[in-house]
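input-v3.cif (mmCIF, N, CA, C and O atoms) appears below.
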```
data_input
loop_
_atom_site.label_atom_id
_atom_site.label_comp_id
_atom_site.auth_asym_id
_atom_site.auth_seq_id
_atom_site.Cartn_x
_atom_site.Cartn_y
_atom_site.Cartn_z
N MET B 1 -27.42 223.71 137.22
CA MET B 1 -26.26 223.06 137.77
C MET B 1 -25.98 221.81 136.94
O MET B 1 -26.89 221.07 136.59
N LYS B 2 -24.71 221.56 136.65
CA LYS B 2 -24.31 220.38 135.88
C LYS B 2 -24.60 219.11 136.67
O LYS B 2 -24.39 219.06 137.88
N THR B 3 -25.10 218.10 135.99
CA THR B 3 -25.43 216.84 136.64
C THR B 3 -24.69 215.69 135.97
O THR B 3 -24.21 215.82 134.83
N VAL B 4 -24.62 214.57 136.67
CA VAL B 4 -24.05 213.33 136.14
C VAL B 4 -25.01 212.20 136.44
O VAL B 4 -25.85 212.30 137.34
N GLU B 5 -24.88 211.12 135.69
CA GLU B 5 -25.72 209.96 135.87
C GLU B 5 -24.98 208.92 136.71
O GLU B 5 -23.82 208.63 136.45
N LEU B 6 -25.66 208.35 137.71
CA LEU B 6 -25.04 207.35 138.57
C LEU B 6 -25.72 206.00 138.40
O LEU B 6 -26.95 205.92 138.34
N GLY B 7 -24.93 204.96 138.36
CA GLY B 7 -25.44 203.60 138.40
C GLY B 7 -26.33 203.19 137.24
O GLY B 7 -26.51 203.92 136.28
N THR B 8 -26.88 201.99 137.37
CA THR B 8 -27.72 201.43 136.32
C THR B 8 -29.14 201.97 136.34
O THR B 8 -29.88 201.79 135.38
N GLN B 9 -29.52 202.64 137.43
CA GLN B 9 -30.86 203.21 137.53
C GLN B 9 -30.94 204.60 136.91
O GLN B 9 -31.99 205.23 136.90
N ARG B 10 -29.80 205.10 136.44
CA ARG B 10 -29.70 206.39 135.76
C ARG B 10 -30.13 207.56 136.64
O ARG B 10 -30.73 208.52 136.19
N LEU B 11 -29.81 207.46 137.92
CA LEU B 11 -30.08 208.54 138.86
C LEU B 11 -29.23 209.75 138.48
O LEU B 11 -28.01 209.63 138.33
N ARG B 12 -29.82 210.90 138.32
CA ARG B 12 -29.09 212.12 137.98
C ARG B 12 -28.90 212.94 139.24
O ARG B 12 -29.85 213.23 139.95
N VAL B 13 -27.65 213.27 139.51
CA VAL B 13 -27.31 214.08 140.68
C VAL B 13 -26.38 215.20 140.25
O VAL B 13 -25.69 215.11 139.25
N PRO B 14 -26.36 216.30 141.02
CA PRO B 14 -25.45 217.39 140.68
C PRO B 14 -24.00 216.96 140.87
O PRO B 14 -23.70 216.10 141.70
N VAL B 15 -23.13 217.57 140.09
CA VAL B 15 -21.70 217.30 140.22
C VAL B 15 -21.23 217.71 141.62
O VAL B 15 -20.43 217.02 142.24
N GLN B 16 -21.75 218.80 142.12
CA GLN B 16 -21.39 219.28 143.45
C GLN B 16 -22.36 218.70 144.47
O GLN B 16 -23.56 218.89 144.37
N GLY B 17 -21.84 218.00 145.45
CA GLY B 17 -22.66 217.45 146.52
C GLY B 17 -22.24 218.04 147.86
O GLY B 17 -21.40 218.93 147.92
N PHE B 18 -22.81 217.53 148.92
CA PHE B 18 -22.47 217.98 150.26
C PHE B 18 -22.05 216.77 151.07
O PHE B 18 -22.83 215.85 151.26
N GLY B 19 -20.81 216.76 151.54
CA GLY B 19 -20.30 215.65 152.35
C GLY B 19 -20.60 215.89 153.82
O GLY B 19 -20.05 216.80 154.43
N ALA B 20 -21.48 215.09 154.38
CA ALA B 20 -21.93 215.30 155.76
C ALA B 20 -21.43 214.23 156.72
O ALA B 20 -21.84 214.22 157.87
N MET B 21 -20.52 213.36 156.28
CA MET B 21 -20.11 212.24 157.12
C MET B 21 -19.58 212.68 158.48
O MET B 21 -19.96 212.13 159.49
N GLY B 22 -18.72 213.64 158.52
CA GLY B 22 -18.08 214.03 159.77
C GLY B 22 -18.87 214.96 160.64
O GLY B 22 -18.39 215.42 161.67
N MET B 23 -20.09 215.26 160.27
CA MET B 23 -20.87 216.23 161.03
C MET B 23 -21.34 215.72 162.37
O MET B 23 -21.69 216.51 163.24
N SER B 24 -21.39 214.41 162.56
CA SER B 24 -21.91 213.88 163.82
C SER B 24 -20.91 212.99 164.55
O SER B 24 -21.25 212.36 165.53
N VAL B 25 -19.69 212.95 164.09
CA VAL B 25 -18.70 212.05 164.66
C VAL B 25 -17.46 212.83 165.08
O VAL B 25 -17.02 213.74 164.40
N ASP B 26 -16.92 212.48 166.24
CA ASP B 26 -15.63 212.99 166.68
C ASP B 26 -15.56 214.49 166.94
O ASP B 26 -14.47 215.05 166.92
N HIS B 27 -16.66 215.13 167.15
CA HIS B 27 -16.62 216.57 167.38
C HIS B 27 -17.20 216.95 168.74
O HIS B 27 -17.45 218.12 168.99
N GLY B 28 -17.46 215.98 169.59
CA GLY B 28 -18.02 216.26 170.90
C GLY B 28 -19.48 216.64 170.81
O GLY B 28 -20.12 216.49 169.78
N PRO B 29 -20.03 217.15 171.91
CA PRO B 29 -21.44 217.53 171.90
C PRO B 29 -21.69 218.64 170.89
O PRO B 29 -20.86 219.52 170.71
N GLY B 30 -22.83 218.55 170.25
CA GLY B 30 -23.13 219.53 169.21
C GLY B 30 -24.35 220.36 169.52
O GLY B 30 -25.11 220.07 170.44
N ASP B 31 -24.49 221.41 168.76
CA ASP B 31 -25.66 222.28 168.83
C ASP B 31 -26.49 222.01 167.58
O ASP B 31 -25.99 222.14 166.46
N GLU B 32 -27.75 221.64 167.76
CA GLU B 32 -28.58 221.25 166.61
C GLU B 32 -28.69 222.37 165.58
O GLU B 32 -28.61 222.12 164.38
N ARG B 33 -28.84 223.61 166.01
CA ARG B 33 -28.95 224.72 165.04
C ARG B 33 -27.67 224.86 164.23
O ARG B 33 -27.72 225.09 163.03
N GLU B 34 -26.52 224.72 164.89
CA GLU B 34 -25.25 224.81 164.17
C GLU B 34 -25.06 223.64 163.21
O GLU B 34 -24.42 223.78 162.18
N SER B 35 -25.59 222.49 163.55
CA SER B 35 -25.46 221.32 162.70
C SER B 35 -26.36 221.39 161.48
O SER B 35 -25.98 220.94 160.39
N VAL B 36 -27.54 221.93 161.64
CA VAL B 36 -28.51 221.98 160.55
C VAL B 36 -28.24 223.14 159.59
O VAL B 36 -28.52 223.04 158.40
N ALA B 37 -27.64 224.21 160.07
CA ALA B 37 -27.41 225.40 159.24
C ALA B 37 -26.63 225.11 157.96
O ALA B 37 -27.06 225.54 156.88
N PRO B 38 -25.51 224.36 157.99
CA PRO B 38 -24.81 224.09 156.73
C PRO B 38 -25.61 223.23 155.76
O PRO B 38 -25.51 223.40 154.55
N LEU B 39 -26.42 222.31 156.31
CA LEU B 39 -27.27 221.49 155.44
C LEU B 39 -28.31 222.36 154.74
O LEU B 39 -28.53 222.24 153.53
N ASN B 40 -28.94 223.25 155.49
CA ASN B 40 -29.92 224.15 154.89
C ASN B 40 -29.28 225.04 153.83
O ASN B 40 -29.85 225.27 152.76
N ARG B 41 -28.08 225.53 154.11
CA ARG B 41 -27.38 226.39 153.14
C ARG B 41 -27.04 225.62 151.87
O ARG B 41 -27.20 226.14 150.77
N ALA B 42 -26.58 224.39 152.03
CA ALA B 42 -26.26 223.57 150.86
C ALA B 42 -27.50 223.37 149.99
O ALA B 42 -27.44 223.49 148.76
N VAL B 43 -28.64 223.09 150.62
CA VAL B 43 -29.89 222.91 149.87
C VAL B 43 -30.28 224.23 149.20
O VAL B 43 -30.70 224.25 148.04
N ASP B 44 -30.14 225.34 149.92
CA ASP B 44 -30.45 226.65 149.33
C ASP B 44 -29.61 226.92 148.09
O ASP B 44 -30.06 227.58 147.14
N LEU B 45 -28.39 226.41 148.07
CA LEU B 45 -27.48 226.63 146.94
C LEU B 45 -27.69 225.60 145.82
O LEU B 45 -27.03 225.65 144.80
N GLY B 46 -28.63 224.67 146.02
CA GLY B 46 -28.97 223.73 144.97
C GLY B 46 -28.49 222.31 145.17
O GLY B 46 -28.67 221.47 144.29
N ALA B 47 -27.86 222.00 146.28
CA ALA B 47 -27.41 220.64 146.53
C ALA B 47 -28.59 219.71 146.72
O ALA B 47 -29.50 220.01 147.49
N THR B 48 -28.60 218.62 145.99
CA THR B 48 -29.63 217.59 146.19
C THR B 48 -28.99 216.26 146.55
O THR B 48 -29.70 215.30 146.82
N LEU B 49 -27.66 216.20 146.54
CA LEU B 49 -26.95 215.00 146.95
C LEU B 49 -26.24 215.29 148.27
O LEU B 49 -25.32 216.09 148.33
N ILE B 50 -26.72 214.67 149.32
CA ILE B 50 -26.11 214.82 150.65
C ILE B 50 -25.50 213.46 150.98
O ILE B 50 -26.22 212.49 151.22
N ASP B 51 -24.18 213.39 150.96
CA ASP B 51 -23.46 212.14 151.14
C ASP B 51 -23.16 211.94 152.62
O ASP B 51 -22.39 212.69 153.21
N THR B 52 -23.78 210.94 153.23
CA THR B 52 -23.58 210.67 154.65
C THR B 52 -22.73 209.43 154.89
O THR B 52 -22.54 209.04 156.03
N ALA B 53 -22.25 208.81 153.82
CA ALA B 53 -21.45 207.57 153.95
C ALA B 53 -20.06 207.84 154.45
O ALA B 53 -19.51 208.87 154.32
#
```

Could you show the structure in this file as structure tokens?
Amino acid sequence: MKTVELGTQRLRVPVQGFGAMGMSVDHGPGDERESVAPLNRAVDLGATLIDTA
């Protein structure tokens, strides 16, 4: 997977990340299995950058 360098610490992250900000906000009560499944799938596909900001 293609990577890029971030910041002065030269952290290398994949170009494709996973945006998880909205997973716990504004969606009412959640089901833990349904919430964790997309995260697990993203990791299975090679995501190492999970953006929660």

Residues within 6 Å of (-27.7, 217.1, 140.0), counting only N, CA, C and O atoms, listed as a ChimeraX atom specification: /B:1-4,12-15

Selection to disk with N, CA, C and O atoms, as a CSV table (one decimal), in the frame of the given file:
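And here's part.csv as it stands now:
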```csv
chain,number,residue,atom,x,y,z
B,1,MET,N,-27.4,223.7,137.2
B,1,MET,CA,-26.3,223.1,137.8
B,1,MET,C,-26.0,221.8,136.9
B,1,MET,O,-26.9,221.1,136.6
B,2,LYS,N,-24.7,221.6,136.6
B,2,LYS,CA,-24.3,220.4,135.9
B,2,LYS,C,-24.6,219.1,136.7
B,2,LYS,O,-24.4,219.1,137.9
B,3,THR,N,-25.1,218.1,136.0
B,3,THR,CA,-25.4,216.8,136.6
B,3,THR,C,-24.7,215.7,136.0
B,3,THR,O,-24.2,215.8,134.8
B,4,VAL,N,-24.6,214.6,136.7
B,4,VAL,CA,-24.0,213.3,136.1
B,4,VAL,C,-25.0,212.2,136.4
B,4,VAL,O,-25.8,212.3,137.3
B,12,ARG,N,-29.8,210.9,138.3
B,12,ARG,CA,-29.1,212.1,138.0
B,12,ARG,C,-28.9,212.9,139.2
B,12,ARG,O,-29.8,213.2,140.0
B,13,VAL,N,-27.6,213.3,139.5
B,13,VAL,CA,-27.3,214.1,140.7
B,13,VAL,C,-26.4,215.2,140.2
B,13,VAL,O,-25.7,215.1,139.2
B,14,PRO,N,-26.4,216.3,141.0
B,14,PRO,CA,-25.4,217.4,140.7
B,14,PRO,C,-24.0,217.0,140.9
B,14,PRO,O,-23.7,216.1,141.7
B,15,VAL,N,-23.1,217.6,140.1
B,15,VAL,CA,-21.7,217.3,140.2
B,15,VAL,C,-21.2,217.7,141.6
B,15,VAL,O,-20.4,217.0,142.2
```

The PyMOL selection byres ((chain B and resi 41-52) around 5) resolved against shown file, as a ChimeraX atom specification: /B:16-21,36-40,53

Those same residues - N, CA, C and O atoms - I'd like them written as a CSV table (one decimal), keeping the file's coordinate frame.
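part-v5.csv, written as the output of this step:
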```csv
chain,number,residue,atom,x,y,z
B,16,GLN,N,-21.8,218.8,142.1
B,16,GLN,CA,-21.4,219.3,143.4
B,16,GLN,C,-22.4,218.7,144.5
B,16,GLN,O,-23.6,218.9,144.4
B,17,GLY,N,-21.8,218.0,145.4
B,17,GLY,CA,-22.7,217.4,146.5
B,17,GLY,C,-22.2,218.0,147.9
B,17,GLY,O,-21.4,218.9,147.9
B,18,PHE,N,-22.8,217.5,148.9
B,18,PHE,CA,-22.5,218.0,150.3
B,18,PHE,C,-22.0,216.8,151.1
B,18,PHE,O,-22.8,215.8,151.3
B,19,GLY,N,-20.8,216.8,151.5
B,19,GLY,CA,-20.3,215.6,152.4
B,19,GLY,C,-20.6,215.9,153.8
B,19,GLY,O,-20.0,216.8,154.4
B,20,ALA,N,-21.5,215.1,154.4
B,20,ALA,CA,-21.9,215.3,155.8
B,20,ALA,C,-21.4,214.2,156.7
B,20,ALA,O,-21.8,214.2,157.9
B,21,MET,N,-20.5,213.4,156.3
B,21,MET,CA,-20.1,212.2,157.1
B,21,MET,C,-19.6,212.7,158.5
B,21,MET,O,-20.0,212.1,159.5
B,36,VAL,N,-27.5,221.9,161.6
B,36,VAL,CA,-28.5,222.0,160.6
B,36,VAL,C,-28.2,223.1,159.6
B,36,VAL,O,-28.5,223.0,158.4
B,37,ALA,N,-27.6,224.2,160.1
B,37,ALA,CA,-27.4,225.4,159.2
B,37,ALA,C,-26.6,225.1,158.0
B,37,ALA,O,-27.1,225.5,156.9
B,38,PRO,N,-25.5,224.4,158.0
B,38,PRO,CA,-24.8,224.1,156.7
B,38,PRO,C,-25.6,223.2,155.8
B,38,PRO,O,-25.5,223.4,154.6
B,39,LEU,N,-26.4,222.3,156.3
B,39,LEU,CA,-27.3,221.5,155.4
B,39,LEU,C,-28.3,222.4,154.7
B,39,LEU,O,-28.5,222.2,153.5
B,40,ASN,N,-28.9,223.2,155.5
B,40,ASN,CA,-29.9,224.2,154.9
B,40,ASN,C,-29.3,225.0,153.8
B,40,ASN,O,-29.8,225.3,152.8
B,53,ALA,N,-22.2,208.8,153.8
B,53,ALA,CA,-21.4,207.6,154.0
B,53,ALA,C,-20.1,207.8,154.4
B,53,ALA,O,-19.5,208.9,154.3
```

Residue list (alpha helix (DSSP H), DSSP) for chain B, as a PyMOL selection string: chain B and resi 32-44

Between atom N of Gly22 (chain B) and atom C of Glu5 (chain B) - distance in Å to one decimal: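 A separation of 23.2 Å between them.
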
Interatomic distance, atom N of Met23 (chain B) to atom N of Ser35 (chain B) (Å, one decimal):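 These two atoms are separated by 9.7 Å.
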